[in-house]
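K.L.:
Got a structure for you, written out below as structure tokens; questions coming shortly.
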Amino acid sequence: MSAEKANVRKNKTFTMSSLMRNQIFIPIAALLLLLLFNLIADPGFFKITLGYNSAGNPVLSGYLMTVLDNGSELAILAIGMTLVTAASGGQDISVGAAIAIAGSTLLRALCGTNTRPDTLRMPVICAFLISCLVAMAFGAFNGLLVSIFKIQPMIATLILYTAGRSIAAWINNNELPIISDPKFAYYGGFIPGIPIPTPFFIMAACVIVTMLVLKFTNLGLYTQAVGINESSSRLNGLNPVFIKWLTFVILGLCVAVAALIKVSRLSSINYSVIAKDIEMDAILAVALGGNALSGGKFNMVASIIGAFVIQLLPTTLFKFNVPSDALPAYKAIVVIMLVVFSAPIVRNKIAEITKKMKNPTVKEVA
């Protein structure tokens, strides 16, 4: 009987240790802890109400809907940032500026030289494809600097980070186009008759496509191989230069999707404010997902969950009336704690301590 109990305890210890070492454990635990805190502090946080917007269409509102809505565009960016981080061992800090460029291109294609058009010059899908090409071109430029010229990713993308918003303003002659067509607002708002925010469906589509690509192609395997050891991957027939470059192009595509949502929310653009500091949140989402920022193995699901944790945090602080100027400080403290605990070395150490506490070593008696 004692042997059976020992085996049960051993299995439980093994399960707990395996769980602690699982990369997705920390982002899920962080998400559950924040939700539990809100449940205890104010259950009203989970209240979702069905109302009507100014157009008379049904919409769901509440703090959770805000997290789903605003976290969707961050999750989209986290997809591309995860691949870039895994392949290059660095991060792209220009995605906020790139969103400004892609959004400005989208508006230019839709409005032309008339900043207050009565009708759109082309279908939104065509304008979106143009903005995709532009965003991917800038991603290719960043990828070229990193893969060909071997410039550290953060330094390489600092160029676009510095100049990007000026380029965005130049595209529209420093004017602020405004689109009056109500259908354009569907992408960043609600589709009539569907009370769930459209960005959530766009994000879900991006996640599904990404998972299918990772499942049925070798993109994930090749990206991790290059990030772990570039020289070995080259000896095994891979092209590290192309793979790094490709991840930046994919991030550019993610940027264009996020730009569509951002611009659609206001039917206009503010070059200096749009997507401000979103690149930092995207990097934090990748780190919170337990992905090594030095490159190598990654978990896409963990990054996506991390994006929603990053969005849930300021929403929680806002709910409890934390002053807006103090939000970054509170957010930084919590994020530092979460990122530290999500580090593989910390998770492994905690798992070892837990294992020793539950299964102490018995000293042999001589």
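By convention here, the chains of the structure tokens are called A, B, ... in the order presented, each chain's residues are numbered starting at 1, and ligands are numbered starting at 1 in the order presented.
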Could you give me, as a VMD selection string, each residue of segment 77-200 of chain A that DSSP assigns to alpha helix (DSSP H) when run on this structure's backbone?
P.N.:
chain A and resid 77 to 88 95 to 111 124 to 147 153 to 171 198 to 200
K.L.:
Would you mind listing what lies within 10 Å of Ile194 of chain A as a VMD selection string, with only C-alpha atoms counted and same-chain residues fewer than 3 positions away left out?
P.N.:
chain A and resid 57 to 60 190 to 191 197 to 198
K.L.:
Could you take the residues named above and write them with N, CA and C atoms, as a short mmCIF file (atom, residue, chain, number, x, y, z; two decimals), in the first residue's frame?
P.N.:
data_model
loop_
_atom_site.label_atom_id
_atom_site.label_comp_id
_atom_site.auth_asym_id
_atom_site.auth_seq_id
_atom_site.Cartn_x
_atom_site.Cartn_y
_atom_site.Cartn_z
N ASN A 57 -27.48 49.27 -34.29
CA ASN A 57 -27.13 47.86 -34.38
C ASN A 57 -26.77 47.30 -33.01
N PRO A 58 -27.12 46.04 -32.72
CA PRO A 58 -26.81 45.45 -31.41
C PRO A 58 -25.30 45.24 -31.23
N VAL A 59 -24.78 45.60 -30.06
CA VAL A 59 -23.37 45.42 -29.76
C VAL A 59 -23.23 44.95 -28.32
N LEU A 60 -22.24 44.11 -28.08
CA LEU A 60 -21.92 43.68 -26.72
C LEU A 60 -20.87 44.62 -26.15
N PHE A 190 -18.14 47.14 -35.62
CA PHE A 190 -19.09 46.03 -35.63
C PHE A 190 -19.75 45.90 -37.00
N ILE A 191 -19.93 44.68 -37.43
CA ILE A 191 -20.72 44.41 -38.62
C ILE A 191 -22.19 44.40 -38.20
N PRO A 197 -17.14 42.42 -31.66
CA PRO A 197 -16.26 43.29 -32.44
C PRO A 197 -15.62 42.57 -33.62
N THR A 198 -15.60 43.23 -34.76
CA THR A 198 -15.00 42.64 -35.97
C THR A 198 -13.52 42.30 -35.81
#
K.L.:
Nearest to Ala225 of chain A: which of A:Cys111, A:Leu83, A:Val273, A:Leu338 is it, counting only C-alpha atoms?
P.N.:
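Nearest to Ala225 of chain A: A:Leu83.
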K.L.:
Between atom CA of Thr105 of chain A and atom CA of Val249 of chain A, what is the spacing in Å?
P.N.:
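Here the two named atoms are 17.1 Å from each other.
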K.L.:
Which residue is closest to Pro240 of chain A? Choose from A:Ser272, A:Ser88, A:Asn321, A:Ser61 and count only C-alpha atoms.
P.N.:
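Checking each of A:Ser272, A:Ser88, A:Asn321, A:Ser61 against Pro240 of chain A, counting only C-alpha atoms, the winner is A:Ser88.
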K.L.:
For atom CA of Val213 of chain A and atom CA of Asp277 of chain A, quote the distance in Å rounded to one decimal.
P.N.:
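Going from atom CA of Val213 of chain A over to atom CA of Asp277 of chain A covers 28.8 Å.
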K.L.:
Can you tell me which residues surround Trp245 of chain A at a distance of at most 7 Å, considering only C-alpha atoms, apart from same-chain residues fewer than 3 positions away, and format the answer as a ChimeraX atom specification?
P.N.:
/A:140,143-144,147,241-242,248-249
K.L.:
Which one of A:Ile250, A:Met81, A:Ala30, A:Ala55 sits closest to Val339 of chain A if you count only C-alpha atoms?
P.N.:
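Nearest candidate to Val339 of chain A out of A:Ile250, A:Met81, A:Ala30, A:Ala55: A:Ala30.
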K.L.:
If you measure from atom CA of Leu219 of chain A to atom CA of Val335 of chain A, what distance in Å do you get, rounded to one decimal?
P.N.:
29.7 Å
K.L.:
Restricting the calculation to only C-alpha atoms, which member of A:Ala275, A:Val334, A:Leu238, A:Ile178 is positioned closest to Ala259 of chain A?
P.N.:
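That would be A:Ala275, the residue with the smallest distance to Ala259 of chain A.
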K.L.:
Within 12 Å of Gly220 of chain A, counting only C-alpha atoms, which residues qualify if same-chain residues fewer than 4 places away don't, as a VMD selection string?
P.N.:
chain A and resid 79 to 80 82 to 84 86 to 87 210 to 216 224 to 227 243 to 244 246 to 247 296 to 300
K.L.:
For C-alpha atoms, I'd like the residues from the last selection saved as an mmCIF file, in the first residue's frame.
P.N.:
data_model
loop_
_atom_site.group_PDB
_atom_site.id
_atom_site.type_symbol
_atom_site.label_atom_id
_atom_site.label_comp_id
_atom_site.auth_asym_id
_atom_site.auth_seq_id
_atom_site.Cartn_x
_atom_site.Cartn_y
_atom_site.Cartn_z
ATOM 1 C CA ILE A 79 2.257 36.425 -34.487
ATOM 2 C CA GLY A 80 4.772 38.207 -36.688
ATOM 3 C CA THR A 82 7.236 35.768 -32.519
ATOM 4 C CA LEU A 83 8.594 34.576 -35.868
ATOM 5 C CA VAL A 84 11.019 37.493 -36.142
ATOM 6 C CA ALA A 86 12.681 33.160 -33.136
ATOM 7 C CA ALA A 87 14.623 33.498 -36.397
ATOM 8 C CA THR A 210 -0.947 30.894 -39.056
ATOM 9 C CA MET A 211 -1.609 27.578 -37.344
ATOM 10 C CA LEU A 212 -2.375 25.903 -40.670
ATOM 11 C CA VAL A 213 0.834 27.283 -42.179
ATOM 12 C CA LEU A 214 2.898 26.106 -39.204
ATOM 13 C CA LYS A 215 1.228 22.687 -39.301
ATOM 14 C CA PHE A 216 1.426 21.953 -43.019
ATOM 15 C CA GLN A 224 13.544 27.593 -34.960
ATOM 16 C CA ALA A 225 16.523 25.855 -36.563
ATOM 17 C CA VAL A 226 17.953 29.161 -37.788
ATOM 18 C CA GLY A 227 17.369 30.813 -34.432
ATOM 19 C CA ILE A 243 14.274 32.599 -43.625
ATOM 20 C CA LYS A 244 15.160 35.675 -41.541
ATOM 21 C CA LEU A 246 10.824 36.051 -44.769
ATOM 22 C CA THR A 247 9.890 36.466 -41.091
ATOM 23 C CA GLY A 296 15.134 29.586 -31.171
ATOM 24 C CA LYS A 297 12.095 27.586 -30.042
ATOM 25 C CA PHE A 298 8.786 29.382 -29.845
ATOM 26 C CA ASN A 299 5.174 28.726 -28.921
ATOM 27 C CA MET A 300 2.737 30.760 -31.008
#
K.L.:
Quick one: which segment 289-335 of chain A residues come within 12 Å of segment 36-45 of chain A, and what is the nearest atom pair for each with the distance in Å to one decimal, counting only C-alpha atoms, rows ordered by chain and ascending number, as CSV?
P.N.:
residue,atom,partner,partner_atom,distance
A:Leu312,CA,A:Asn38,CA,10.3
A:Leu313,CA,A:Asn38,CA,10.4
A:Thr315,CA,A:Phe45,CA,9.8
A:Thr316,CA,A:Asn38,CA,7.3
A:Leu317,CA,A:Asn38,CA,10.0
A:Phe318,CA,A:Phe45,CA,11.1
A:Lys319,CA,A:Phe45,CA,7.8
A:Phe320,CA,A:Asp42,CA,9.1
K.L.:
Okay, now the selection with N, CA and C atoms, as a PDB file, in the first residue's frame?
P.N.:
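File written: part-v4.pdb
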ATOM      1  N   LEU A 312      -5.245  42.810 -20.911  1.00  0.00           N
ATOM      2  CA  LEU A 312      -6.081  42.683 -19.717  1.00  0.00           C
ATOM      3  C   LEU A 312      -5.541  43.512 -18.556  1.00  0.00           C
ATOM      4  N   LEU A 313      -4.219  43.627 -18.480  1.00  0.00           N
ATOM      5  CA  LEU A 313      -3.596  44.353 -17.373  1.00  0.00           C
ATOM      6  C   LEU A 313      -4.003  45.822 -17.322  1.00  0.00           C
ATOM      7  N   THR A 315      -6.500  47.249 -18.769  1.00  0.00           N
ATOM      8  CA  THR A 315      -7.958  47.318 -18.624  1.00  0.00           C
ATOM      9  C   THR A 315      -8.356  47.143 -17.161  1.00  0.00           C
ATOM     10  N   THR A 316      -7.672  46.243 -16.467  1.00  0.00           N
ATOM     11  CA  THR A 316      -7.925  46.036 -15.039  1.00  0.00           C
ATOM     12  C   THR A 316      -7.559  47.280 -14.240  1.00  0.00           C
ATOM     13  N   LEU A 317      -6.402  47.856 -14.534  1.00  0.00           N
ATOM     14  CA  LEU A 317      -5.971  49.052 -13.812  1.00  0.00           C
ATOM     15  C   LEU A 317      -6.924  50.216 -14.071  1.00  0.00           C
ATOM     16  N   PHE A 318      -7.374  50.330 -15.305  1.00  0.00           N
ATOM     17  CA  PHE A 318      -8.329  51.389 -15.644  1.00  0.00           C
ATOM     18  C   PHE A 318      -9.641  51.196 -14.896  1.00  0.00           C
ATOM     19  N   LYS A 319     -10.048  49.962 -14.763  1.00  0.00           N
ATOM     20  CA  LYS A 319     -11.291  49.649 -14.066  1.00  0.00           C
ATOM     21  C   LYS A 319     -11.250  50.150 -12.621  1.00  0.00           C
ATOM     22  N   PHE A 320     -10.085  50.053 -11.992  1.00  0.00           N
ATOM     23  CA  PHE A 320      -9.948  50.456 -10.597  1.00  0.00           C
ATOM     24  C   PHE A 320      -9.406  51.878 -10.453  1.00  0.00           C
TER      25      PHE A 320
END
K.L.:
Using only C-alpha atoms, find each residue of segment 274-331 of chain A with at least one atom at most 12 Å away from an atom of segment 202-208 of chain A; report its shortest atom-to-atom pair and that distance in Å (one decimal), sort the rows by chain and rising residue number, and return the result as CSV.
P.N.:
residue,atom,partner,partner_atom,distance
A:Met300,CA,A:Val207,CA,9.0
A:Val301,CA,A:Val207,CA,8.8
A:Ser303,CA,A:Val207,CA,11.1
A:Ile304,CA,A:Val207,CA,8.6
A:Ile305,CA,A:Val207,CA,11.5
A:Ala307,CA,A:Met203,CA,11.6
A:Phe308,CA,A:Met203,CA,11.7
K.L.:
Give me a file of those residues, with N, CA and C atoms, as a tab-separated table (two decimals), in the first residue's frame.
P.N.:
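Ended up saving to selection-v8.tsv:
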chain	number	residue	atom	x	y	z
A	300	MET	N	3.59	29.70	-30.48
A	300	MET	CA	2.74	30.76	-31.01
A	300	MET	C	1.49	30.98	-30.14
A	301	VAL	N	0.92	29.89	-29.65
A	301	VAL	CA	-0.28	30.01	-28.81
A	301	VAL	C	0.04	30.79	-27.54
A	303	SER	N	2.30	33.09	-27.16
A	303	SER	CA	2.45	34.51	-27.50
A	303	SER	C	1.09	35.19	-27.64
A	304	ILE	N	0.14	34.50	-28.26
A	304	ILE	CA	-1.20	35.07	-28.45
A	304	ILE	C	-1.90	35.26	-27.10
A	305	ILE	N	-1.76	34.26	-26.22
A	305	ILE	CA	-2.33	34.41	-24.88
A	305	ILE	C	-1.65	35.56	-24.15
A	307	ALA	N	-0.49	38.21	-25.43
A	307	ALA	CA	-1.02	39.49	-25.94
A	307	ALA	C	-2.29	39.90	-25.20
A	308	PHE	N	-3.15	38.94	-24.95
A	308	PHE	CA	-4.39	39.26	-24.23
A	308	PHE	C	-4.13	39.55	-22.76
